[in-house]
Amino acid sequence: MAELLVSLGVFTLLFAVSALFLFLLNYLFPSTKNLLPSGWVQWMSFRFVSYYFLAAVVLIYLGMA
């Protein structure tokens with residue numbers, strides 16, 4: 001079970017890094033907002049990216065404990 005939590009945590013961490021990249025791309029270059037679907041803009045905001053990192057850290061911590 002611990003290995004499953006760690007693997008889910010790593011997967012979530014990779015997702016958080018990619019979401020952070022998309023957030024920074026949209027933040028630094030506003031003209032790229034039309035490349036993403038309109039529903040994704042909220043999910044790629046800084047608030048949600050921080051939630052993704054928090055979930056990844058908690059999953060990895062629970063897997064290691």
# chains A, B, ... in the order shown; residues from 1 in each chain; ligands from 1

call {"tool": "residues_around", "arguments": {"residues": "stretch 52-64 of chain A", "least_positions_apart": "3", "cutoff": "8 Å", "atoms": "only C-alpha atoms", "output": "PDB file with N, CA, C and O atoms, in the first residue's frame"}}
result
ATOM      1  N   MET A   1       0.819  -1.195   0.000  1.00  0.00           N
ATOM      2  CA  MET A   1       0.000   0.000   0.000  1.00  0.00           C
ATOM      3  C   MET A   1       0.868   1.267   0.000  1.00  0.00           C
ATOM      4  O   MET A   1       0.497   2.271  -0.585  1.00  0.00           O
ATOM      5  N   ALA A   2       2.010   1.175   0.680  1.00  0.00           N
ATOM      6  CA  ALA A   2       2.891   2.337   0.754  1.00  0.00           C
ATOM      7  C   ALA A   2       3.449   2.689  -0.619  1.00  0.00           C
ATOM      8  O   ALA A   2       3.561   3.876  -0.958  1.00  0.00           O
ATOM      9  N   GLU A   3       3.775   1.662  -1.396  1.00  0.00           N
ATOM     10  CA  GLU A   3       4.305   1.926  -2.731  1.00  0.00           C
ATOM     11  C   GLU A   3       3.272   2.588  -3.626  1.00  0.00           C
ATOM     12  O   GLU A   3       3.595   3.433  -4.468  1.00  0.00           O
ATOM     13  N   LEU A   4       2.007   2.208  -3.433  1.00  0.00           N
ATOM     14  CA  LEU A   4       0.934   2.822  -4.208  1.00  0.00           C
ATOM     15  C   LEU A   4       0.796   4.304  -3.870  1.00  0.00           C
ATOM     16  O   LEU A   4       0.634   5.137  -4.768  1.00  0.00           O
ATOM     17  N   LEU A   5       0.868   4.648  -2.582  1.00  0.00           N
ATOM     18  CA  LEU A   5       0.762   6.050  -2.183  1.00  0.00           C
ATOM     19  C   LEU A   5       1.930   6.873  -2.714  1.00  0.00           C
ATOM     20  O   LEU A   5       1.746   8.008  -3.165  1.00  0.00           O
ATOM     21  N   VAL A   6       3.121   6.302  -2.675  1.00  0.00           N
ATOM     22  CA  VAL A   6       4.292   7.022  -3.189  1.00  0.00           C
ATOM     23  C   VAL A   6       4.181   7.207  -4.692  1.00  0.00           C
ATOM     24  O   VAL A   6       4.471   8.290  -5.219  1.00  0.00           O
ATOM     25  N   SER A   7       3.740   6.182  -5.397  1.00  0.00           N
ATOM     26  CA  SER A   7       3.614   6.316  -6.855  1.00  0.00           C
ATOM     27  C   SER A   7       2.525   7.315  -7.225  1.00  0.00           C
ATOM     28  O   SER A   7       2.682   8.092  -8.172  1.00  0.00           O
ATOM     29  N   LEU A   8       1.416   7.329  -6.485  1.00  0.00           N
ATOM     30  CA  LEU A   8       0.391   8.351  -6.728  1.00  0.00           C
ATOM     31  C   LEU A   8       0.914   9.746  -6.399  1.00  0.00           C
ATOM     32  O   LEU A   8       0.585  10.722  -7.075  1.00  0.00           O
ATOM     33  N   GLY A   9       1.720   9.839  -5.350  1.00  0.00           N
ATOM     34  CA  GLY A   9       2.324  11.121  -4.996  1.00  0.00           C
ATOM     35  C   GLY A   9       3.276  11.624  -6.054  1.00  0.00           C
ATOM     36  O   GLY A   9       3.290  12.812  -6.383  1.00  0.00           O
ATOM     37  N   VAL A  10       4.072  10.730  -6.627  1.00  0.00           N
ATOM     38  CA  VAL A  10       5.000  11.130  -7.694  1.00  0.00           C
ATOM     39  C   VAL A  10       4.224  11.546  -8.936  1.00  0.00           C
ATOM     40  O   VAL A  10       4.554  12.540  -9.590  1.00  0.00           O
ATOM     41  N   PHE A  11       3.178  10.797  -9.269  1.00  0.00           N
ATOM     42  CA  PHE A  11       2.339  11.166 -10.403  1.00  0.00           C
ATOM     43  C   PHE A  11       1.692  12.539 -10.184  1.00  0.00           C
ATOM     44  O   PHE A  11       1.666  13.372 -11.091  1.00  0.00           O
ATOM     45  N   THR A  12       1.195  12.780  -8.981  1.00  0.00           N
ATOM     46  CA  THR A  12       0.589  14.078  -8.665  1.00  0.00           C
ATOM     47  C   THR A  12       1.635  15.181  -8.693  1.00  0.00           C
ATOM     48  O   THR A  12       1.347  16.301  -9.115  1.00  0.00           O
ATOM     49  N   LEU A  13       2.841  14.878  -8.255  1.00  0.00           N
ATOM     50  CA  LEU A  13       3.921  15.865  -8.301  1.00  0.00           C
ATOM     51  C   LEU A  13       4.268  16.235  -9.739  1.00  0.00           C
ATOM     52  O   LEU A  13       4.461  17.413 -10.052  1.00  0.00           O
ATOM     53  N   PHE A  15       2.209  16.046 -12.252  1.00  0.00           N
ATOM     54  CA  PHE A  15       1.074  16.832 -12.722  1.00  0.00           C
ATOM     55  C   PHE A  15       1.151  18.263 -12.200  1.00  0.00           C
ATOM     56  O   PHE A  15       0.853  19.212 -12.934  1.00  0.00           O
ATOM     57  N   ALA A  16       1.565  18.433 -10.953  1.00  0.00           N
ATOM     58  CA  ALA A  16       1.681  19.771 -10.377  1.00  0.00           C
ATOM     59  C   ALA A  16       2.761  20.585 -11.083  1.00  0.00           C
ATOM     60  O   ALA A  16       2.584  21.786 -11.321  1.00  0.00           O
ATOM     61  N   PHE A  48      -4.873  26.448  -7.426  1.00  0.00           N
ATOM     62  CA  PHE A  48      -4.999  25.019  -7.665  1.00  0.00           C
ATOM     63  C   PHE A  48      -3.639  24.344  -7.787  1.00  0.00           C
ATOM     64  O   PHE A  48      -3.469  23.193  -7.368  1.00  0.00           O
ATOM     65  N   VAL A  49      -2.663  25.037  -8.331  1.00  0.00           N
ATOM     66  CA  VAL A  49      -1.314  24.466  -8.435  1.00  0.00           C
ATOM     67  C   VAL A  49      -0.745  24.223  -7.040  1.00  0.00           C
ATOM     68  O   VAL A  49      -0.136  23.183  -6.781  1.00  0.00           O
TER      69      VAL A  49
END

call {"tool": "select_by_dssp", "arguments": {"residues": "chain A", "states": "alpha helix (DSSP H)", "output": "PyMOL selection string"}}
result
chain A and resi 2-28+40-43+46-64

call {"tool": "atom_distance", "arguments": {"atom1": "atom CA of A:Ser38", "atom2": "atom CA of A:Ala19"}}
result
14.9 Å

call {"tool": "closest_residue", "arguments": {"among": "A:Ala65, A:Leu20, A:Leu28, A:Leu14", "to": "A:Met44", "atoms": "only C-alpha atoms"}}
result
A:Leu20
